[in-house]
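Trainee: Sending over protein_16.csv (CSV, C-alpha atoms and all ligand atoms).
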chain,number,residue,atom,x,y,z
E,1414,MET,CA,-42.9,10.3,-26.8
E,1415,ALA,CA,-39.9,9.9,-29.2
E,1416,MET,CA,-37.8,11.3,-26.4
E,1417,GLU,CA,-39.2,8.6,-24.0
E,1418,ILE,CA,-38.3,5.8,-26.4
E,1419,THR,CA,-34.8,7.0,-27.0
E,1420,ARG,CA,-34.2,7.3,-23.3
E,1421,ARG,CA,-35.6,3.9,-22.5
E,1422,SER,CA,-33.7,2.2,-25.3
E,1423,LEU,CA,-30.5,4.0,-24.2
E,1424,LEU,CA,-31.0,2.7,-20.7
E,1425,ASN,CA,-31.7,-0.8,-22.0
E,1426,GLY,CA,-28.6,-0.5,-24.2
E,1427,ILE,CA,-26.4,0.4,-21.2
E,1428,LEU,CA,-27.9,-2.3,-19.0
E,1429,LEU,CA,-27.4,-4.9,-21.7
E,1430,GLY,CA,-23.9,-3.8,-22.4
E,1431,THR,CA,-24.8,-2.6,-25.9
E,1432,ALA,CA,-24.5,1.1,-25.4
E,1433,SER,CA,-22.1,1.4,-28.3
E,1434,MET,CA,-25.1,0.7,-30.6
E,1435,THR,CA,-26.9,3.8,-29.5
E,1436,VAL,CA,-24.0,6.2,-28.8
E,1437,SER,CA,-21.9,7.6,-31.6
E,1438,PRO,CA,-18.5,5.8,-31.9
E,1439,THR,CA,-16.9,9.2,-32.3
E,1440,VAL,CA,-18.2,10.2,-28.9
E,1441,LEU,CA,-17.2,6.9,-27.3
E,1442,SER,CA,-13.7,7.1,-28.7
E,1443,MET,CA,-13.2,10.2,-26.5
E,1444,VAL,CA,-14.1,8.3,-23.4
E,1445,GLY,CA,-11.3,6.4,-21.7
E,1446,PRO,CA,-8.2,5.0,-23.4
E,1447,ASN,CA,-8.2,4.0,-27.1
E,1448,PRO,CA,-8.6,0.2,-27.3
E,1449,SER,CA,-5.3,-0.2,-29.0
E,1450,ILE,CA,-3.5,1.5,-26.0
E,1451,VAL,CA,-2.7,-0.2,-22.7
E,1452,ARG,CA,-2.9,2.6,-20.2
E,1453,LEU,CA,-0.9,1.9,-17.1
E,1454,SER,CA,-0.1,5.5,-16.2
E,1455,ALA,CA,-2.9,6.9,-14.1
E,1456,ASN,CA,-3.6,4.5,-11.2
E,1457,GLU,CA,-7.0,3.6,-12.5
E,1458,ASN,CA,-8.8,0.4,-11.9
E,1459,PRO,CA,-10.3,-1.2,-15.0
E,1460,TYR,CA,-12.1,-3.9,-12.9
E,1461,GLY,CA,-14.6,-1.3,-11.7
E,1462,PRO,CA,-17.2,0.1,-11.5
E,1463,SER,CA,-19.1,-2.9,-10.2
E,1464,SER,CA,-22.1,-4.0,-12.3
E,1465,ASN,CA,-24.4,-2.7,-9.6
E,1466,ALA,CA,-22.7,0.7,-9.7
E,1467,LEU,CA,-23.1,0.8,-13.4
E,1468,LYS,CA,-26.8,-0.1,-13.2
E,1469,ALA,CA,-27.3,2.6,-10.6
E,1470,ALA,CA,-25.5,5.2,-12.7
E,1471,ALA,CA,-27.6,4.3,-15.8
E,1472,GLN,CA,-30.9,4.3,-13.9
E,1473,ALA,CA,-30.1,7.5,-12.1
E,1474,SER,CA,-29.2,9.4,-15.2
E,1475,ASN,CA,-32.3,8.0,-16.9
E,1476,LYS,CA,-34.4,9.9,-14.3
E,1477,GLY,CA,-33.0,13.2,-15.5
E,1478,ALA,CA,-30.2,15.4,-14.3
E,1479,TYR,CA,-31.5,17.1,-11.1
E,1480,TYR,CA,-29.2,18.5,-8.6
E,1481,PRO,CA,-28.1,15.8,-6.1
E,1482,GLY,CA,-30.1,16.0,-2.9
E,1483,LYS,CA,-31.0,13.1,-0.7
E,1484,ILE,CA,-28.6,10.7,-2.3
E,1485,ALA,CA,-25.6,12.8,-1.2
E,1486,ALA,CA,-27.0,12.9,2.4
E,1487,GLU,CA,-27.7,9.2,2.3
E,1488,LEU,CA,-24.2,8.3,1.1
E,1489,MET,CA,-22.6,10.5,3.8
E,1490,GLN,CA,-24.7,8.7,6.4
E,1491,MET,CA,-23.5,5.3,5.0
E,1492,ILE,CA,-19.9,6.5,5.1
E,1493,ALA,CA,-20.3,7.8,8.7
E,1494,ASP,CA,-21.9,4.5,9.8
E,1495,LYS,CA,-19.2,2.4,8.3
E,1496,ASN,CA,-16.5,4.5,10.0
E,1497,LYS,CA,-18.4,4.9,13.3
E,1498,LEU,CA,-18.6,8.6,12.9
E,1499,GLU,CA,-21.3,11.2,13.0
E,1500,VAL,CA,-22.6,12.5,9.6
E,1501,ASN,CA,-21.1,15.9,10.3
E,1502,GLN,CA,-17.7,14.3,10.4
E,1503,VAL,CA,-18.0,13.5,6.7
E,1504,ALA,CA,-17.7,15.7,3.6
E,1505,ILE,CA,-18.1,14.4,0.1
E,1506,SER,CA,-16.5,16.1,-2.9
E,1507,SER,CA,-15.9,15.7,-6.6
E,1508,GLY,CA,-13.1,13.1,-6.3
E,1509,SER,CA,-10.9,13.3,-3.2
E,1510,ASN,CA,-8.7,15.8,-5.1
E,1511,GLU,CA,-11.4,18.4,-4.6
E,1512,ALA,CA,-11.5,17.8,-0.8
E,1513,LEU,CA,-7.7,17.9,-0.7
E,1514,SER,CA,-7.7,21.2,-2.6
E,1515,ALA,CA,-10.4,22.6,-0.3
E,1516,ALA,CA,-8.3,21.6,2.7
E,1517,VAL,CA,-5.1,23.2,1.4
E,1518,VAL,CA,-7.0,26.4,0.5
E,1519,GLY,CA,-8.6,26.5,4.0
E,1520,TRP,CA,-5.4,25.8,6.0
E,1521,GLY,CA,-3.1,27.5,3.4
E,1522,LYS,CA,-4.6,30.9,4.4
E,1523,GLU,CA,-3.2,30.4,7.9
E,1524,GLY,CA,0.3,29.2,7.2
E,1525,GLN,CA,2.7,27.0,5.3
E,1526,ILE,CA,2.0,23.4,4.4
E,1527,ILE,CA,4.5,20.7,4.9
E,1528,SER,CA,4.6,17.6,2.6
E,1529,PRO,CA,7.0,14.9,1.6
E,1530,SER,CA,9.1,15.9,-1.4
E,1531,PHE,CA,7.9,12.9,-3.5
E,1532,THR,CA,4.2,12.4,-3.2
E,1533,TYR,CA,0.8,13.0,-4.8
E,1534,ASP,CA,0.7,16.8,-5.3
E,1535,LEU,CA,-2.0,18.1,-7.6
E,1536,HIS,CA,-3.6,19.9,-4.6
E,1537,LEU,CA,-0.2,21.1,-3.4
E,1538,GLY,CA,0.6,22.7,-6.8
E,1539,TYR,CA,-2.8,24.4,-6.6
E,1540,ALA,CA,-2.0,25.7,-3.2
E,1541,GLN,CA,1.2,27.1,-4.4
E,1542,ARG,CA,-0.4,28.8,-7.4
E,1543,ILE,CA,-2.7,30.7,-5.1
E,1544,GLY,CA,0.1,31.9,-2.9
E,1545,THR,CA,0.5,29.2,-0.2
E,1546,LYS,CA,4.1,28.1,0.7
E,1547,VAL,CA,4.6,24.4,0.5
E,1548,LEU,CA,7.7,23.0,2.3
E,1549,ARG,CA,8.7,19.7,0.8
E,1550,VAL,CA,10.7,17.4,3.0
E,1551,PRO,CA,13.0,14.9,1.3
E,1552,LEU,CA,12.2,11.2,1.6
E,1553,ASP,CA,14.8,9.1,3.5
E,1554,ASN,CA,17.4,6.9,1.9
E,1555,ASP,CA,15.0,4.0,1.3
E,1556,MET,CA,12.3,6.3,-0.1
E,1557,SER,CA,10.1,6.2,2.9
E,1558,ILE,CA,8.4,9.4,4.2
E,1559,ASP,CA,10.8,10.9,6.7
E,1560,LEU,CA,8.4,11.5,9.6
E,1561,ASP,CA,11.1,12.7,12.0
E,1562,ALA,CA,12.2,15.3,9.5
E,1563,MET,CA,8.6,16.4,8.9
E,1564,GLN,CA,7.9,16.7,12.5
E,1565,ALA,CA,11.1,18.7,13.1
E,1566,ALA,CA,10.0,21.1,10.3
E,1567,VAL,CA,6.8,22.1,12.1
E,1568,ASP,CA,7.0,25.6,13.6
E,1569,LYS,CA,4.7,28.5,14.1
E,1570,SER,CA,4.7,29.3,10.4
E,1571,VAL,CA,3.1,26.0,9.6
E,1572,SER,CA,-0.7,25.3,9.5
E,1573,MET,CA,-0.9,21.8,8.1
E,1574,VAL,CA,1.1,18.7,7.4
E,1575,TYR,CA,0.0,16.6,4.4
E,1576,LEU,CA,1.1,13.0,3.8
E,1577,CYS,CA,-0.2,10.1,1.8
E,1578,ASN,CA,-0.3,6.5,3.2
E,1579,PRO,CA,0.5,4.4,1.2
E,1580,ASN,CA,2.4,7.0,-0.6
E,1581,ASN,CA,2.0,7.7,-4.3
E,1582,PRO,CA,4.2,7.3,-6.3
E,1583,THR,CA,6.4,5.0,-4.1
E,1584,GLY,CA,3.6,2.7,-3.1
E,1585,LYS,CA,5.2,2.3,0.4
E,1586,THR,CA,3.1,2.2,3.5
E,1587,ILE,CA,4.0,3.7,6.9
E,1588,ASP,CA,3.4,1.4,9.8
E,1589,GLY,CA,0.0,2.2,11.4
E,1590,ASP,CA,1.2,2.7,15.0
E,1591,THR,CA,4.2,4.8,13.9
E,1592,LEU,CA,2.0,7.1,12.0
E,1593,ARG,CA,-0.5,7.2,14.9
E,1594,LYS,CA,2.3,8.4,17.2
E,1595,PHE,CA,3.3,11.0,14.6
E,1596,CYS,CA,-0.3,12.3,14.2
E,1597,ARG,CA,-0.9,12.5,17.9
E,1598,ALA,CA,2.3,14.5,18.4
E,1599,VAL,CA,2.1,16.8,15.4
E,1600,GLY,CA,-1.7,17.2,15.8
E,1601,LYS,CA,-1.0,19.1,19.0
E,1602,LYS,CA,0.5,21.9,16.9
E,1603,VAL,CA,-1.1,21.7,13.4
E,1604,THR,CA,-3.7,19.7,11.5
E,1605,VAL,CA,-2.4,16.5,9.9
E,1606,LEU,CA,-4.0,15.6,6.5
E,1607,VAL,CA,-3.6,11.9,5.8
E,1608,ASP,CA,-4.5,10.9,2.2
E,1609,GLU,CA,-5.7,7.3,2.3
E,1610,ALA,CA,-6.6,7.0,-1.4
E,1611,TYR,CA,-5.1,3.5,-1.5
E,1612,ASN,CA,-5.9,2.4,2.1
E,1613,GLU,CA,-8.3,-0.4,1.2
E,1614,LEU,CA,-5.6,-2.0,-0.9
E,1615,THR,CA,-3.1,-2.3,2.0
E,1616,ASP,CA,-2.4,-5.6,3.7
E,1617,ASN,CA,-4.1,-4.4,6.9
E,1618,PRO,CA,-6.4,-1.5,6.1
E,1619,GLU,CA,-7.9,-1.0,9.5
E,1620,TYR,CA,-4.5,-0.9,11.3
E,1621,THR,CA,-3.0,1.4,8.6
E,1622,SER,CA,-5.9,3.9,8.6
E,1623,MET,CA,-6.0,6.9,10.9
E,1624,VAL,CA,-9.8,6.8,11.1
E,1625,ASP,CA,-9.5,5.7,14.7
E,1626,LEU,CA,-7.7,9.0,15.5
E,1627,VAL,CA,-10.6,10.9,13.9
E,1628,ARG,CA,-13.0,9.0,16.2
E,1629,GLU,CA,-10.8,10.0,19.2
E,1630,GLY,CA,-11.1,13.6,18.2
E,1631,GLU,CA,-7.5,14.1,17.2
E,1632,ASN,CA,-6.4,17.0,14.9
E,1633,VAL,CA,-6.4,14.7,11.9
E,1634,ILE,CA,-8.3,14.6,8.6
E,1635,VAL,CA,-8.5,11.4,6.5
E,1636,MET,CA,-9.2,11.5,2.8
E,1637,ARG,CA,-10.7,8.6,0.8
E,1638,THR,CA,-11.8,8.0,-2.7
E,1639,PHE,CA,-14.1,5.9,-4.9
E,1640,SER,CA,-11.5,6.2,-7.7
E,1641,LYS,CA,-9.2,3.3,-6.8
E,1642,LEU,CA,-10.6,0.3,-5.1
E,1643,TYR,CA,-14.1,0.9,-6.5
E,1644,GLY,CA,-12.7,1.7,-10.0
E,1645,MET,CA,-14.8,4.9,-10.4
E,1646,ALA,CA,-12.1,7.5,-11.2
E,1647,GLY,CA,-14.1,9.1,-14.0
E,1648,MET,CA,-17.2,9.3,-11.8
E,1649,ARG,CA,-15.5,11.7,-9.4
E,1650,VAL,CA,-16.5,10.9,-5.8
E,1651,GLY,CA,-14.3,11.3,-2.8
E,1652,TYR,CA,-14.7,12.1,0.8
E,1653,ALA,CA,-13.0,13.6,3.9
E,1654,LEU,CA,-13.4,12.3,7.5
E,1655,GLY,CA,-12.5,14.4,10.5
E,1656,ARG,CA,-13.5,16.2,13.6
E,1657,LYS,CA,-16.7,18.3,13.2
E,1658,ASP,CA,-14.9,21.6,13.2
E,1659,LEU,CA,-12.2,20.4,10.7
E,1660,ILE,CA,-14.9,19.0,8.3
E,1661,LYS,CA,-16.8,22.2,8.5
E,1662,LYS,CA,-13.7,24.0,7.3
E,1663,VAL,CA,-13.2,21.6,4.5
E,1664,ARG,CA,-16.8,21.9,3.4
E,1665,ASN,CA,-16.6,25.7,3.5
E,1666,HIS,CA,-13.9,25.5,0.9
E,1667,ILE,CA,-15.3,22.9,-1.5
E,1668,MET,CA,-16.2,24.2,-4.9
E,1669,ALA,CA,-17.0,21.1,-6.8
E,1670,TRP,CA,-19.7,18.8,-5.4
E,1671,PRO,CA,-20.1,15.3,-6.8
E,1672,ASN,CA,-22.6,14.6,-9.6
E,1673,ILE,CA,-25.7,12.5,-9.3
E,1674,VAL,CA,-24.4,9.7,-11.5
E,1675,GLY,CA,-21.3,9.2,-9.4
E,1676,LEU,CA,-23.2,9.5,-6.2
E,1677,ALA,CA,-25.7,6.8,-7.3
E,1678,ALA,CA,-22.9,4.5,-8.3
E,1679,ALA,CA,-21.0,5.1,-5.1
E,1680,HIS,CA,-24.1,4.5,-3.1
E,1681,ALA,CA,-24.6,1.2,-4.9
E,1682,CYS,CA,-21.1,-0.2,-4.4
E,1683,TYR,CA,-19.9,1.3,-1.1
E,1684,ASN,CA,-20.8,-1.8,0.9
E,1685,GLU,CA,-20.6,-4.3,-1.9
E,1686,ASN,CA,-18.2,-6.8,-0.3
E,1687,ASP,CA,-18.1,-9.3,-3.1
E,1688,PHE,CA,-17.0,-6.6,-5.5
E,1689,ILE,CA,-14.5,-5.2,-3.0
E,1690,GLU,CA,-12.9,-8.6,-2.6
E,1691,TYR,CA,-12.9,-9.2,-6.3
E,1692,SER,CA,-11.3,-5.8,-7.0
E,1693,ILE,CA,-8.6,-6.4,-4.4
E,1694,ASP,CA,-7.9,-9.8,-5.7
E,1695,LYS,CA,-7.5,-8.6,-9.3
E,1696,ILE,CA,-5.2,-5.8,-8.3
E,1697,ASN,CA,-3.1,-8.1,-6.2
E,1698,GLN,CA,-2.8,-10.6,-9.1
E,1699,GLY,CA,-1.7,-7.8,-11.4
E,1700,ARG,CA,0.8,-6.5,-8.8
E,1701,ASP,CA,2.4,-9.9,-8.5
E,1702,LEU,CA,2.8,-10.1,-12.3
E,1703,VAL,CA,4.4,-6.7,-12.6
E,1704,ASN,CA,6.7,-7.3,-9.6
E,1705,GLU,CA,7.7,-10.6,-11.3
E,1706,VAL,CA,8.5,-8.8,-14.6
E,1707,PHE,CA,10.8,-6.4,-12.8
E,1708,ILE,CA,12.5,-9.2,-10.7
E,1709,GLN,CA,13.1,-11.3,-13.8
E,1710,GLN,CA,15.1,-8.5,-15.2
E,1711,GLY,CA,17.1,-8.1,-12.1
E,1712,ILE,CA,15.2,-5.0,-11.0
E,1713,GLU,CA,14.0,-4.6,-7.4
E,1714,PRO,CA,10.6,-3.0,-7.2
E,1715,LEU,CA,9.6,-1.0,-4.1
E,1716,PRO,CA,7.2,-2.9,-1.9
E,1717,SER,CA,3.8,-1.6,-2.9
E,1718,GLU,CA,0.4,-2.0,-1.1
E,1719,THR,CA,-1.4,-0.1,-3.9
E,1720,ASN,CA,-2.5,-0.5,-7.5
E,1721,PHE,CA,0.8,0.6,-8.8
E,1722,VAL,CA,4.5,-0.4,-8.6
E,1723,LEU,CA,7.6,1.9,-8.6
E,1724,ALA,CA,11.0,0.5,-9.5
E,1725,ASP,CA,14.4,2.0,-10.2
E,1726,ILE,CA,15.1,0.6,-13.7
E,1727,GLY,CA,18.7,1.9,-13.7
E,1728,ARG,CA,18.2,4.1,-16.7
E,1729,ASP,CA,16.5,7.3,-17.8
E,1730,VAL,CA,12.7,6.8,-17.7
E,1731,LYS,CA,12.3,9.8,-20.1
E,1732,ASP,CA,13.5,7.8,-23.1
E,1733,PHE,CA,12.2,4.5,-21.9
E,1734,GLU,CA,8.6,5.8,-21.4
E,1735,ILE,CA,8.7,7.1,-25.0
E,1736,ARG,CA,9.8,3.8,-26.4
E,1737,MET,CA,7.1,2.0,-24.4
E,1738,ARG,CA,4.5,4.5,-25.7
E,1739,GLN,CA,5.7,3.8,-29.3
E,1740,GLU,CA,4.6,0.3,-28.6
E,1741,ASN,CA,1.2,1.4,-27.3
E,1742,ILE,CA,2.0,0.9,-23.6
E,1743,LEU,CA,1.5,4.0,-21.4
E,1744,VAL,CA,3.5,4.1,-18.2
E,1745,HIS,CA,4.0,7.1,-16.0
E,1746,ARG,CA,6.3,9.8,-17.3
E,1747,ALA,CA,9.7,10.3,-15.7
E,1748,TYR,CA,9.8,12.0,-12.3
E,1749,SER,CA,12.3,14.9,-12.1
E,1750,LEU,CA,13.4,14.0,-8.5
E,1751,TYR,CA,13.9,10.3,-9.3
E,1752,PRO,CA,14.5,10.2,-13.1
E,1753,ASN,CA,15.3,6.4,-13.1
E,1754,HIS,CA,12.2,5.3,-11.3
E,1755,LEU,CA,9.3,3.9,-13.4
E,1756,ARG,CA,5.8,3.7,-12.1
E,1757,VAL,CA,3.4,1.2,-13.6
E,1758,SER,CA,-0.3,1.1,-12.7
E,1759,MET,CA,-2.3,-2.1,-12.7
E,1760,GLY,CA,-4.5,-2.9,-15.7
E,1761,LYS,CA,-6.5,-5.9,-16.7
E,1762,MET,CA,-4.4,-9.1,-16.7
E,1763,GLU,CA,-4.3,-9.3,-20.5
E,1764,ASP,CA,-3.0,-5.7,-20.6
E,1765,LEU,CA,-0.3,-6.5,-18.0
E,1766,ARG,CA,0.8,-9.5,-20.0
E,1767,GLU,CA,1.2,-7.2,-23.0
E,1768,PHE,CA,3.1,-4.8,-20.8
E,1769,ALA,CA,5.4,-7.7,-19.6
E,1770,GLU,CA,6.2,-8.6,-23.2
E,1771,VAL,CA,6.9,-5.1,-24.4
E,1772,PHE,CA,8.9,-4.2,-21.2
E,1773,LYS,CA,11.2,-7.2,-21.6
E,1774,ARG,CA,11.8,-6.3,-25.3
E,1775,VAL,CA,12.4,-2.6,-24.8
E,1776,TYR,CA,14.5,-3.2,-21.7
E,1777,ASN,CA,16.8,-5.6,-23.4
E,1778,SER,CA,17.1,-3.8,-26.7
M,1,LIG,C1,-2.8,9.7,-3.3
M,1,LIG,C2,-3.9,10.2,-4.1
M,1,LIG,N1,-4.7,11.1,-3.5
M,1,LIG,C3,-5.8,11.6,-4.3
M,1,LIG,C4,-5.9,11.3,-5.6
M,1,LIG,C5,-7.1,11.9,-6.3
M,1,LIG,O1,-8.0,11.0,-6.6
M,1,LIG,P1,-9.5,11.4,-6.9
M,1,LIG,O2,-9.6,12.8,-7.0
M,1,LIG,O3,-9.8,10.7,-8.2
M,1,LIG,O4,-10.3,10.9,-5.8
M,1,LIG,C6,-5.0,10.4,-6.2
M,1,LIG,C7,-5.1,10.1,-7.6
M,1,LIG,O5,-4.3,9.4,-8.3
M,1,LIG,C8,-3.9,9.9,-5.4
M,1,LIG,O6,-3.0,9.1,-6.0
Would you mind writing the structure in this file as structure tokens?

Mentor:
Amino acid sequence: MAMEITRRSLLNGILLGTASMTVSPTVLSMVGPNPSIVRLSANENPYGPSSNALKAAAQASNKGAYYPGKIAAELMQMIADKNKLEVNQVAISSGSNEALSAAVVGWGKEGQIISPSFTYDLHLGYAQRIGTKVLRVPLDNDMSIDLDAMQAAVDKSVSMVYLCNPNNPTGKTIDGDTLRKFCRAVGKKVTVLVDEAYNELTDNPEYTSMVDLVREGENVIVMRTFSKLYGMAGMRVGYALGRKDLIKKVRNHIMAWPNIVGLAAAHACYNENDFIEYSIDKINQGRDLVNEVFIQQGIEPLPSETNFVLADIGRDVKDFEIRMRQENILVHRAYSLYPNHLRVSMGKMEDLREFAEVFKRVYNS
């Protein structure tokens, strides 16, 4: 009985936004950034999860922590329907990073993986640590992914080409039809893994996405996530879309399935168009502000269609980042390949205004 009351009051607390009254402040202080810190370093989205996703998460966890069952199947069906695919063309995973890792393990056993030199690469590092060779192809002079060079690098030793569109950390988007042509040509030889973590934030998501090639049965896998647009990074839900045989191979290598709380939240917000529009709008407002901050200082940011902006600030980011951190603003650490390029993720508008003030001060001191 006492247990029942505690659970119910916890749920009510969460739903009423008063969870801090029932959860120890010490525990809460370990979740997310410290309130005195502005975290603009991890491409998160503080405008999510949607209130419906939060309610679903609270109510799902209030039922107990059973293994996920029907909810996973149901979410996969929703994803399949939205993308006009069969359910066996969808795999869900604990964040898209898990599906990416599963893919590089599956294909890495059969040959080298080609990727751009400057891209999201947690899964590529993982592949290397377990013995797969990763061939990194330099970006071109304007920091775009060099598709010609990547295509030219494909030979019999290669099993997969990975790229990310829009690319992280540049934020740049490859034109949809240009990438389609590349995928069709390269897909004749090896599987192309297109990471679309930020697709929904692009100016023209449908044109930019390679999901149509999946529908056509091309040798292409598309990865998506609930971490960015839906603001659910800590809830760990991502998914892969591909031909049946390719998805079977991804599924066979997945180790970490999503959890019931994340699944319930994802199910609640996947088709929540009002929230989706709100989230995109907030991210775009933030991006305009950050771009403006750079431009005012004579810095030209790279054109981004994501929730982050990269800019060459003309000085070593290593020191700059530390000085920003001393003022409680976290931006991404320096990149070894491009030591003068600073990446700033979107935060709430009030956080970005604080960033703007500190950036100007540190930059001009
Ligand atoms: C391009 C890209 N792919 C995948 C991920 C992994 O996202 P998650 O595992 O949270 O879905 C990220 C995270 O920043 C990313 O930037």

Trainee: Please report, as CSV, each residue of chain E lying at most 10 Å from ligand LIG 1 (chain M), together with the nearest pair of atoms and the separation in Å rounded to one decimal; use only C-alpha atoms and all ligand atoms, and order rows by chain and ascending residue number.

Mentor:
residue,atom,partner,partner_atom,distance
E:Ser1454,CA,M:LIG1,O5,9.8
E:Ala1455,CA,M:LIG1,O5,6.5
E:Asn1456,CA,M:LIG1,O5,5.7
E:Glu1457,CA,M:LIG1,O5,7.7
E:Ser1506,CA,M:LIG1,O4,8.6
E:Ser1507,CA,M:LIG1,O2,6.9
E:Gly1508,CA,M:LIG1,O2,3.6
E:Ser1509,CA,M:LIG1,O4,3.6
E:Asn1510,CA,M:LIG1,O2,3.7
E:Glu1511,CA,M:LIG1,O2,6.4
E:Ala1512,CA,M:LIG1,O2,8.2
E:Leu1513,CA,M:LIG1,C3,7.5
E:Ser1514,CA,M:LIG1,O2,9.7
E:Thr1532,CA,M:LIG1,C1,7.5
E:Tyr1533,CA,M:LIG1,C1,5.1
E:Asp1534,CA,M:LIG1,N1,8.1
E:Leu1535,CA,M:LIG1,C4,8.1
E:His1536,CA,M:LIG1,C3,8.6
E:Leu1576,CA,M:LIG1,C1,8.7
E:Cys1577,CA,M:LIG1,C1,5.7
E:Asn1578,CA,M:LIG1,C1,7.7
E:Pro1579,CA,M:LIG1,C1,7.7
E:Asn1580,CA,M:LIG1,C1,6.5
E:Asn1581,CA,M:LIG1,C1,5.3
E:Pro1582,CA,M:LIG1,O6,7.4
E:Gly1584,CA,M:LIG1,C1,9.5
E:Val1607,CA,M:LIG1,C1,9.4
E:Asp1608,CA,M:LIG1,N1,5.7
E:Glu1609,CA,M:LIG1,C1,6.7
E:Ala1610,CA,M:LIG1,C2,5.0
E:Tyr1611,CA,M:LIG1,C1,6.9
E:Asn1612,CA,M:LIG1,C1,9.6
E:Met1636,CA,M:LIG1,N1,7.8
E:Arg1637,CA,M:LIG1,O4,7.0
E:Thr1638,CA,M:LIG1,O4,4.5
E:Phe1639,CA,M:LIG1,O4,6.3
E:Ser1640,CA,M:LIG1,O3,4.8
E:Lys1641,CA,M:LIG1,O3,7.6
E:Gly1644,CA,M:LIG1,O3,9.6
E:Met1645,CA,M:LIG1,O3,8.0
E:Ala1646,CA,M:LIG1,O3,5.0
E:Gly1647,CA,M:LIG1,O3,7.4
E:Met1648,CA,M:LIG1,O3,8.3
E:Arg1649,CA,M:LIG1,O3,5.9
E:Val1650,CA,M:LIG1,O4,6.2
E:Gly1651,CA,M:LIG1,O4,5.0
E:Tyr1652,CA,M:LIG1,O4,8.0
E:Thr1719,CA,M:LIG1,O6,9.6
E:Asn1720,CA,M:LIG1,O6,9.7
E:Phe1721,CA,M:LIG1,O6,9.7

Trainee: Compile the contact shell of stretch 1745-1755 of chain E as a PyMOL selection string: residues with an atom at most 6 Å away, counting only C-alpha atoms, same-chain residues fewer than 3 positions apart removed.

Mentor: chain E and resi 1454+1723-1731

Trainee: Between E:Val1503, E:Leu1626, E:Val1451, E:Leu1548, single out the one closest to E:Ser1758, counting only C-alpha atoms.

Mentor: E:Val1451

Trainee: Please measure the separation of atom CA of E:Glu1740 and atom CA of E:Leu1702, giving the value in Å to one decimal.

Mentor: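 Separation of atom CA of E:Glu1740 and atom CA of E:Leu1702: 19.4 Å.
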
Trainee: Counting only C-alpha atoms, I want the residues whose atoms come within 12 Å of (6.0, 4.4, -25.0) in the file frame, returned as a ChimeraX atom specification.

Mentor: /E:1450-1454,1730-1747,1768,1771-1772,1775-1776

Trainee: Closest to E:Asn1458 among E:Arg1756, E:Lys1594, E:Arg1766, E:Lys1695, using all atoms listed in the file?

Mentor: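 Among the listed residues, the smallest separation from E:Asn1458 belongs to E:Lys1695.
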
Trainee: Please identify all polymer residues within 9 Å of stretch 1494-1497 of chain E, counting all atoms listed in the file, omitting same-chain residues fewer than 2 positions from it, and present them as a list of chain:residue names.

Mentor: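 Neighbouring residues, sequence-local ones excluded: E:Met1489, E:Gln1490, E:Met1491, E:Ile1492, E:Glu1499, E:Val1500, E:Val1624, E:Asp1625, E:Arg1628, E:Leu1654, E:Asn1684.
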
Trainee: Measuring atom to atom with all atoms listed in the file, identify which of E:Ala1466, E:Ile1558, E:Ala1485, E:Val1674 is nearest to E:Ile1527.

Mentor: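 Ranked by minimum distance to E:Ile1527, first place goes to E:Ile1558.
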
Trainee: Select, from E:Glu1685, E:Glu1619, E:Glu1713, E:Glu1523, the residue with the minimum atom-to-atom distance to E:Ser1570, counting only C-alpha atoms.

Mentor: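 When distances to E:Ser1570 are compared using only C-alpha atoms, the smallest one comes from E:Glu1523.
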
Trainee: Rank E:Gly1675, E:Pro1714, E:Pro1529, E:Gly1699 by their smallest atom-to-atom distance to E:Ala1471, using all atoms listed in the file, and report the top residue only.

Mentor: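 Using all atoms listed in the file, the shortest distance to E:Ala1471 belongs to E:Gly1675.
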
Trainee: Separation of atom CA of E:Leu1676 and atom CA of E:Asn1475, in Å?

Mentor: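 Separation between atom CA of E:Leu1676 and atom CA of E:Asn1475: 14.1 Å.
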
Trainee: Give me the residues within 8 Å of E:Met1623 as a PyMOL selection string, counting all atoms listed in the file and dropping any in the same chain fewer than 5 places off.

Mentor: chain E and resi 1589+1593+1607+1633+1635

Trainee: With distances taken over all atoms listed in the file, which residue among E:Thr1621, E:Val1547, E:Arg1774, E:Tyr1683 lies nearest E:Ala1493?

Mentor: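 Closest to E:Ala1493 of all the choices is E:Tyr1683.
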
Trainee: As a list in words, please: the residues near E:Gln1472 (cut-off 9 Å, only C-alpha atoms, same-chain neighbours under 2 positions excluded).

Mentor: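 Here the answer would be Leu1424, Leu1428, Leu1467, Lys1468, Ala1469, Ala1470, Ser1474, Asn1475, Lys1476, Val1674 and Ala1677 of chain E.
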
Trainee: State, in Å with one decimal place, the distance from atom CA of E:His1680 to atom CA of E:Leu1642.

Mentor: 14.3 Å

Trainee: Which polymer residues, protein or nucleic acid, are no farther than 6 Å from (-1.8, 29.2, 1.3), counting only C-alpha atoms, as a PyMOL selection string?

Mentor: chain E and resi 1518+1521-1522+1540+1544-1545
